[in-house]
Every structure is written in C-alpha cells, then in structure tokens.
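Student: My structure is below; once you've seen it, I'll send some questions.
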Amino acid sequence: MENLHAPTVPSGPITGPSTNGVHVNAQSFGQLQAKKDNIEAEIKALSSVLDSHGVDMNTRLVTPDGFPRADLDVAQIRTTRSRIIHLRNDYKALMSVIEKHIHEHFARLAEEGQTDEPVTNGLQQNGEVLSLPTVVQPLGPPFARVNSVVAGSPADTAGLRANDEIRNFGYVDIANHNGLRRVGECVQGNEGQNILVKVSRLIEGRRQELQLTLTPRRDWGGRGLLGCHILPV
C-alpha cells in the first residue's frame with residue numbers, strides 16, 4: 001500500500017533560481033520582496049488549513065495497521081503538505097536571490113564611496129533603516145469574476161459586486177489560482193482575518209481598479225465564509 005504518511009513532493013532544494021516557473025534572477029528587488037511576502041502569506045494560510053484538521057506536517061495519516069485514518073481528510077492534508085513543502089523550497093531559493101541583491105546593493109554603495117554601519121535586524125545605514133529600490137507592481141490580468149453577492153454577507157460588506165473582475169485575492173493571482181482552488185485555501189486559512197482583494201469594475205462606462213478588504217467569517221447568517229459566487233475567466 002502507498003505510504004500515505006510520506007509527502008508527495010521532495011523536500012530537497014529546487015533546481016535553479018526560480019519559483020512557480022518564474023526566473024527570479026531577472027526581477028527587481030521590489031518584485032522579489034513582493035514574491036517573498038506572497039509565499040509567506042500562502043504558507044501561513046496553508047498551515048491554518050492543517051490546523052483546522054488538527055494535524056501538522058508530521059502527524060501520521062495511517063493507522064498502525066497501515067490503513068488511511070477515517071477521521072481525517074487524508075487527500076486534502078497530503079495535498080496541503082505537498083504545497084507547503086514546494087513553497088518552502090521556493091522560499092529558500094528566493095531568499096538566496098534576495099541576499100545576492102542585498103550584497104550587490106552594498107557593493108555599489110562601496111564603489112560610490114559610501115560606508116555602511118553593521119546591519120542589525122534588517123538593512124541599516126548610518127543607524128537608519130535603508131530604503132532599497134522598490135517598484136510599483138503592474139496589475140495582472142483578472143483570473144476570476146464575481147457572479148453573485150448575497151446581501152449582508154462578508155463579500156457584500158467588503159464592497160464586492162456582481163461582475164467585478166478579480167485580479168488578486170490575497171496571495172492568489174492568475175499565475176497560481178489553480179482553477180480557483182487556491183482561493184478556497186486562502187479563504188479557509190484566513191477565517192476572521194483581513195484579505196486584500198484587488199478588483200476591476202466597470203463604472204459609468206469606465207473600468208476602475210479597486211482595493212477591497214474582505215474578512216471571511218461564519219457568523220453572518222448564510223452559507224460559506226464569503227457569501228458570494230466566483231467563476232474563473
């Protein structure tokens with residue numbers, strides 16, 4: 001019988017400095033920092049999914065005689081664990097690239113005749129926190145559309161409206177939504193916590209970009225944590 005306790009993704013480092021198929025060496029520091037924040041947020045959400053099942057990365061999923069535990073959703077737990085392992089590997093590779101960017105930054109400062117104080121708890125220069133270059137992230141294309149919103153629901157309270165096009169849902173975007181499955185993971189892993197949702201809305205014939213704060217919760221009096229129906233585009 002297959003070992004259900006074993007993860008399905010190798011725990012060793014990934015080959016090459018890329019995450020989710022994107023080569024990070026070609027990205028700016030600001031883009032790398034944004035990717036780092038997204039990975040951290042997704043790992044946190046997925047860890048909350050494991051917590052909701054009462055397990056962690058090492059909890060056994062089979063009985064002593066080798067059968068899947070009937071009290072657990074073994075398939076979802078294995079999928080969640082595998083994704084966490086994949087993200088941890090991506091995170092390790094990404095941090096190596098970020099460290100390279102930091103070293104290059106200080107090397108440029110040295111060439112320009114500037115001196116830096118020792119770094120403690122972050123990048124510092126002359127006792128002040130160093131502001132590294134950042135970029136404004138371009139909006140990606142939408143990956144989902146709001147089909148309907150229930151009045152009085154968390155989605156309604158957040159300002160979501162039918163026909164809104166979703167560009168970002170927390171850490172989820174067009175590159176990683178996986179048929180909207182990651183939206184469900186993000187919602188489940190952030191119950192009671194704020195999720196930043198970026199939408200595009202047609203207002204008086206003009207498309208406007210909006211940033212909404214959505215808080216999934218169960219006690220709003222309806223089904224689900226959001227109270228809206230989302231479709232892929």
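Labels used: A, B, ... for chains in the order of the structure tokens, numbers from 1 for residues in each chain, and numbers from 1 for ligands as shown.
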Give me, as a ChimeraX atom specification, all polymer residues having an atom no more than 10 Å from A:Gly179, counting only C-alpha atoms and skipping those fewer than 5 positions away in the same chain.
Tutor: /A:143-144,174,231-233
Student: When you count only C-alpha atoms, which of these residues is closest to A:Asn194: A:Thr213, A:Ser153, A:Asn168, A:Asn178?
Tutor: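 The shortest atom-to-atom distance to A:Asn194 comes from A:Thr213.
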Student: Write out as number ranges by chain the set of residues from stretch 163-207 of chain A that DSSP, computed on the backbone, places in strand (DSSP E).
Tutor: A: 165-169, 195-203, 206-207
Student: Next, dump the selected residues to file, keeping only N, CA and C atoms, as a CSV table (one decimal), in the first residue's frame.
Tutor:
chain,number,residue,atom,x,y,z
A,165,GLU,N,-14.2,42.0,-11.7
A,165,GLU,CA,-13.2,41.1,-12.1
A,165,GLU,C,-12.0,41.1,-11.1
A,166,ILE,N,-11.7,39.9,-10.6
A,166,ILE,CA,-10.7,39.8,-9.6
A,166,ILE,C,-9.3,39.6,-10.2
A,167,ARG,N,-8.4,40.5,-9.8
A,167,ARG,CA,-7.0,40.4,-10.2
A,167,ARG,C,-6.1,39.8,-9.2
A,168,ASN,N,-6.4,40.1,-7.9
A,168,ASN,CA,-5.6,39.5,-6.8
A,168,ASN,C,-6.6,39.2,-5.7
A,169,PHE,N,-6.4,38.0,-5.1
A,169,PHE,CA,-7.2,37.6,-3.9
A,169,PHE,C,-6.2,37.2,-2.9
A,195,ILE,N,-8.3,40.0,4.1
A,195,ILE,CA,-7.7,39.6,2.9
A,195,ILE,C,-7.8,40.8,1.9
A,196,LEU,N,-6.7,41.2,1.3
A,196,LEU,CA,-6.7,42.3,0.3
A,196,LEU,C,-7.2,41.7,-1.0
A,197,VAL,N,-8.2,42.3,-1.6
A,197,VAL,CA,-8.8,41.8,-2.8
A,197,VAL,C,-8.7,43.0,-3.8
A,198,LYS,N,-8.0,42.8,-5.0
A,198,LYS,CA,-7.9,43.8,-6.0
A,198,LYS,C,-8.9,43.4,-7.1
A,199,VAL,N,-9.8,44.3,-7.4
A,199,VAL,CA,-10.8,44.1,-8.5
A,199,VAL,C,-10.8,45.2,-9.5
A,200,SER,N,-11.3,44.8,-10.7
A,200,SER,CA,-11.6,45.8,-11.7
A,200,SER,C,-13.1,45.9,-11.9
A,201,ARG,N,-13.6,47.1,-11.9
A,201,ARG,CA,-15.1,47.3,-12.0
A,201,ARG,C,-15.4,48.3,-13.1
A,202,LEU,N,-16.5,48.0,-13.8
A,202,LEU,CA,-16.9,48.9,-14.8
A,202,LEU,C,-17.9,49.9,-14.2
A,203,ILE,N,-17.6,51.2,-14.2
A,203,ILE,CA,-18.4,52.2,-13.6
A,203,ILE,C,-18.6,53.3,-14.6
A,206,ARG,N,-16.5,53.2,-17.7
A,206,ARG,CA,-15.1,53.3,-17.5
A,206,ARG,C,-14.7,52.2,-16.5
A,207,ARG,N,-13.6,51.5,-16.8
A,207,ARG,CA,-13.1,50.5,-15.8
A,207,ARG,C,-12.2,51.1,-14.8
Student: What lies within 12 Å of A:Val150 using only C-alpha atoms, ignoring chain neighbours under 3 positions off, as JSON, numbers by chain?
Tutor: {"A": [146, 147, 153, 154, 155, 156, 157, 158, 159, 160, 161, 162, 220, 221, 222, 223, 224, 225, 226, 227, 228, 229, 230]}
Student: A:Asp51: which residues within 10 Å, counting only C-alpha atoms, same-chain residues fewer than 6 positions away excluded, as a ChimeraX atom specification?
Tutor: /A:45,57,189
Student: Could you tell me how far atom CA of A:Cys186 sits from atom CA of A:Tyr171, in Å to one decimal place?
Tutor: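 We find that atom CA of A:Tyr171 and atom CA of A:Cys186 lie 7.7 Å from each other.
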Student: What separation in Å, quoted to one decimal, exists between atom CA of A:Gly140 and atom CA of A:Asp173?
Tutor: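 Separation between atom CA of A:Gly140 and atom CA of A:Asp173: 7.6 Å.
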Student: Calculate how many Å separate atom CA of A:Lys44 from atom CA of A:Asp71, rounding to one decimal.
Tutor: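 A separation of 23.8 Å between them.
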Student: Between A:Glu185, A:Glu99, A:Phe29, A:Pro68, which has the minimum distance to A:Arg83 (counting only C-alpha atoms)?
Tutor: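 So, comparing all the options, the nearest one is A:Glu185.
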Student: Quick one: of A:Gly170, A:Ile77, A:Val49, A:Asn176, who's nearest to A:Leu214, counting only C-alpha atoms?
Tutor: A:Gly170
Student: May I have the residues within 12 Å of A:Arg69 as a list in words, using only C-alpha atoms and disregarding those fewer than 5 positions away in the same chain?
Tutor: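 Here the answer would be Leu4, His5, Thr59, Arg60, Leu61, Val62, Thr63, Pro64, Val74, Ala75 and Ile77 of chain A.
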